[in-house]
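Novice: Got a structure here, written out as structure tokens. Questions coming.
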Amino acid sequence: MIASGERALSLLRASKEPARTRLTLRFLRCETDVLNYRHLYYFWVVTKEGGFARAAERLDMAIQTISAQVRELEKALGHQLLKPAGRSVAMTEAGQAAFARAEEIFQIGQVIPDEVREAASGKVARLSVGLSDGISKLAAHALLEPVLATPSLRLVCHEGEFEQLLAELALHHLDVVLAGQPAPRNPNLRLTSERLVESTVEWYGPAAHVHKADVDQFPQSLSRLPVLLPTGHSALRPTLDRWFEAHGLRPRVVGEFEDSALLAVFAARGLGVFPVSRLGSSDVGLMRGLRLLGRCDDVKEEIHAIRSRRGQHHPLVLHIMAAARS
């Protein structure tokens with residue numbers, strides 16, 4: 001029993017990637033029986049509620065009944081999951097591992113009814129988009145704008161590391177990934193890339209920092225103005241650093257942001273001037289209150305659309321790509 005319980009626990013601890021890339025609902029076998037998901041649910045509720053008394057109230061069950069069910073789960077896994085902590089309970093290390101998986105399982109279970117109803121109705125247009133860390137969110141919004149008016153659109157955007165998003169795309173958890181670089185050549189992933197845009201970079205800032213002299217003396221004016229930059233996560237940052245060096249500029253950096261939209265918000269509040277792709281700057285709603293400082297014609301931001309074979313036929317993805325080409 002202990003060996004098989006440890007085997008089940010190892011599955012619970014398996015991977016550190018997000019649940020949507022690794023979660024496989026399966027029966028976890030002990031020596032003679034499958035893991036009882038009702039027992040797992042009771043354990044999850046006890047942990048969420050902070051004790052057996054509150055869990056019993058929520059479930060409208062006797063404390064003794066819930067306690068017995070949790071003990072059965074511990075017996076099946078071969079490890080203690082909860083330990084006394086004053087008037088409540090606390091998780092052991094094994095309990096933390098079990099709870100992490102239970103959280104994933106039951107959170108997914110909570111959305112299944114809605115997703116099934118939507119799928120059965122055939123009325124929802126679902127689009128799952130991965131946005132690679134460092135990509136301009138202003139530019140991403142501009143690229144997605146052609147499909148935002150789609151009736152009954154359900155748009156889900158996931159932001160994450162490039163490699164993580166490619167893994168999710170290969171598993172068909174995403175329809176398309178927008179990134180600042182193409183997919184690596186890996187026949188096992190079966191992904192295709194297409195560069196959607198190569199956009200010139202412009203500099204904007206609030207009226208308090210952007211005066212006529214600053215515009216006339218651009219880019220040298222960047223050496224005296226407060227500057228906001230994307231972090232190293234962005235594919236644009238190394239290009240900007242080389243551009244600064246080529247022009248002999250030493251910008252006074254007062255802030256670095258992973259999210260370009262957040263960067264624009266801080267700039268609009270007066271913190272400094274910042275670079276953004278021309279595609280992103282066309283989003284007037286997010287750029288309101290900012291003035292054009294200058295353009296870097298020799299600095300470009302690229303955005304690539306990466307798709308799996310299944311995503312190549314998604315009508316909304318095809319619409320996005322057709323609009324970008326035009």
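We name chains A, B, ... following the order of the structure tokens; residues begin at 1 in each chain, and ligands are numbered from 1 as shown.
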Can you list, as a list in words, every protein, DNA or RNA residue that comes within 7 Å of stretch 63-73 of chain A when you count only C-alpha atoms, leaving out same-chain residues fewer than 2 positions away?

Specialist: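 Within the cut-off, the hits are His39, Leu40, Tyr42, Phe43, Phe52, Ala53, Ala56, Met61, Lys75, Ala76 and Leu77 of chain A.
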
Novice: Could you pull out the alpha helix (DSSP H) residues of stretch 136-199 of chain A, going by DSSP on the backbone, and write them as a ChimeraX atom specification?

Specialist: /A:137-144,162-170

Novice: With distances taken over only C-alpha atoms, which of A:Ile105, A:Ala120, A:Leu35, A:Ala139 is nearest to A:Ala179?

Specialist: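 Closest to A:Ala179, using only C-alpha atoms: A:Ala139.
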
Novice: Neighbouring residues of A:Gln96 were defined as those with any atom within 10 Å, considering only C-alpha atoms; residues of the same chain fewer than 2 positions away were excluded. Please report them as a ChimeraX atom specification.

Specialist: /A:12-13,47,81-82,90-94,98-102

Novice: At a cut-off of 6 Å, using only C-alpha atoms, what residues contact stretch 125-129 of chain A? Leave out same-chain residues fewer than 3 positions from it and give the result as a PyMOL selection string.

Specialist: chain A and resi 152-157+174-177

Novice: Can you measure atom CA of A:Gly294 to atom CA of A:Tyr204 for me? One decimal in Å is fine.

Specialist: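 Interatomic distance, atom CA of A:Gly294 to atom CA of A:Tyr204: 7.3 Å.
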
Novice: Please provide as a ChimeraX atom specification all residues within 12 Å of stretch 140-147 of chain A, with the sequence filter that same-chain residues fewer than 5 positions apart are discarded (counting only C-alpha atoms).

Specialist: /A:125-135,152-157,159,176-180,196-197,199,259-261,276-286,301-305,315-326

Novice: Looking at A:Leu148, A:Leu191, A:Leu292, A:Val253, which one is nearest to A:Val215, with distances taken over only C-alpha atoms?

Specialist: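 When distances to A:Val215 are compared using only C-alpha atoms, the smallest one comes from A:Leu292.
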
Novice: Calculate how many Å separate atom CA of A:Glu258 from atom CA of A:His233, rounding to one decimal.

Specialist: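 Answer for the atom CA of A:Glu258 to atom CA of A:His233 separation: 6.7 Å.
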
Novice: One decimal, Å: what's the distance from atom CA of A:Val299 over to atom CA of A:Ser136, could you say?

Specialist: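 According to the coordinates, atom CA of A:Val299 and atom CA of A:Ser136 are separated by 14.3 Å.
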
Novice: So, with only C-alpha atoms as the atoms that count, which of A:His158, A:Arg58, A:Arg252, A:Lys137 lies closest to A:Leu228?

Specialist: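 Closest candidate: A:Arg252.
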
Novice: Going by DSSP on the backbone, which bits of stretch 140-224 of chain A are strand (DSSP E or B)? Write them as a compact mmCIF listing (two decimals) with C-alpha atoms, in the first residue's frame, please.

Specialist:
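Now in result28.txt:
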# COMPACT_ATOMS: atom_id res chain seq x y z
CA LEU A 153 -16.78 35.91 -28.81
CA ARG A 154 -15.09 34.20 -25.87
CA LEU A 155 -11.51 35.49 -25.95
CA VAL A 156 -8.99 33.98 -23.53
CA CYS A 157 -5.49 35.48 -23.43
CA HIS A 158 -2.65 33.69 -21.67
CA GLU A 159 0.63 35.47 -20.97
CA GLY A 160 3.73 33.39 -20.31
CA VAL A 176 -2.30 30.88 -31.73
CA VAL A 177 0.73 32.39 -30.00
CA LEU A 178 1.87 35.95 -30.66
CA ALA A 179 5.57 36.35 -29.98
CA LEU A 191 4.31 24.35 -35.47
CA THR A 192 4.33 26.97 -38.20
CA SER A 193 5.33 30.63 -37.89
CA GLU A 194 4.51 33.70 -39.89
CA ARG A 195 5.75 37.23 -39.28
CA LEU A 196 2.65 39.38 -39.07
CA VAL A 197 4.23 42.80 -38.67
CA GLU A 198 7.56 44.59 -38.58
CA SER A 199 6.71 47.91 -37.02
CA THR A 200 8.85 51.02 -36.58
CA VAL A 201 9.38 52.09 -32.98
CA GLU A 202 8.18 55.51 -31.84
CA TRP A 203 8.73 57.41 -28.60
CA TYR A 204 5.92 59.04 -26.66
CA GLY A 205 5.63 60.96 -23.45
CA PRO A 206 3.33 63.27 -21.47

Novice: Which one is closest to A:Gly50: A:Ser88, A:Gln312, A:Thr231, A:Ser221? Count only C-alpha atoms.

Specialist: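 Of A:Ser88, A:Gln312, A:Thr231, A:Ser221, the one nearest A:Gly50, counting only C-alpha atoms, is A:Ser88.
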
Novice: Pick out the closest residue to A:Phe266 from this set: A:Pro182, A:Gly248, A:Gly289, A:Gly232. Count only C-alpha atoms.

Specialist: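 When distances to A:Phe266 are compared using only C-alpha atoms, the smallest one comes from A:Gly289.
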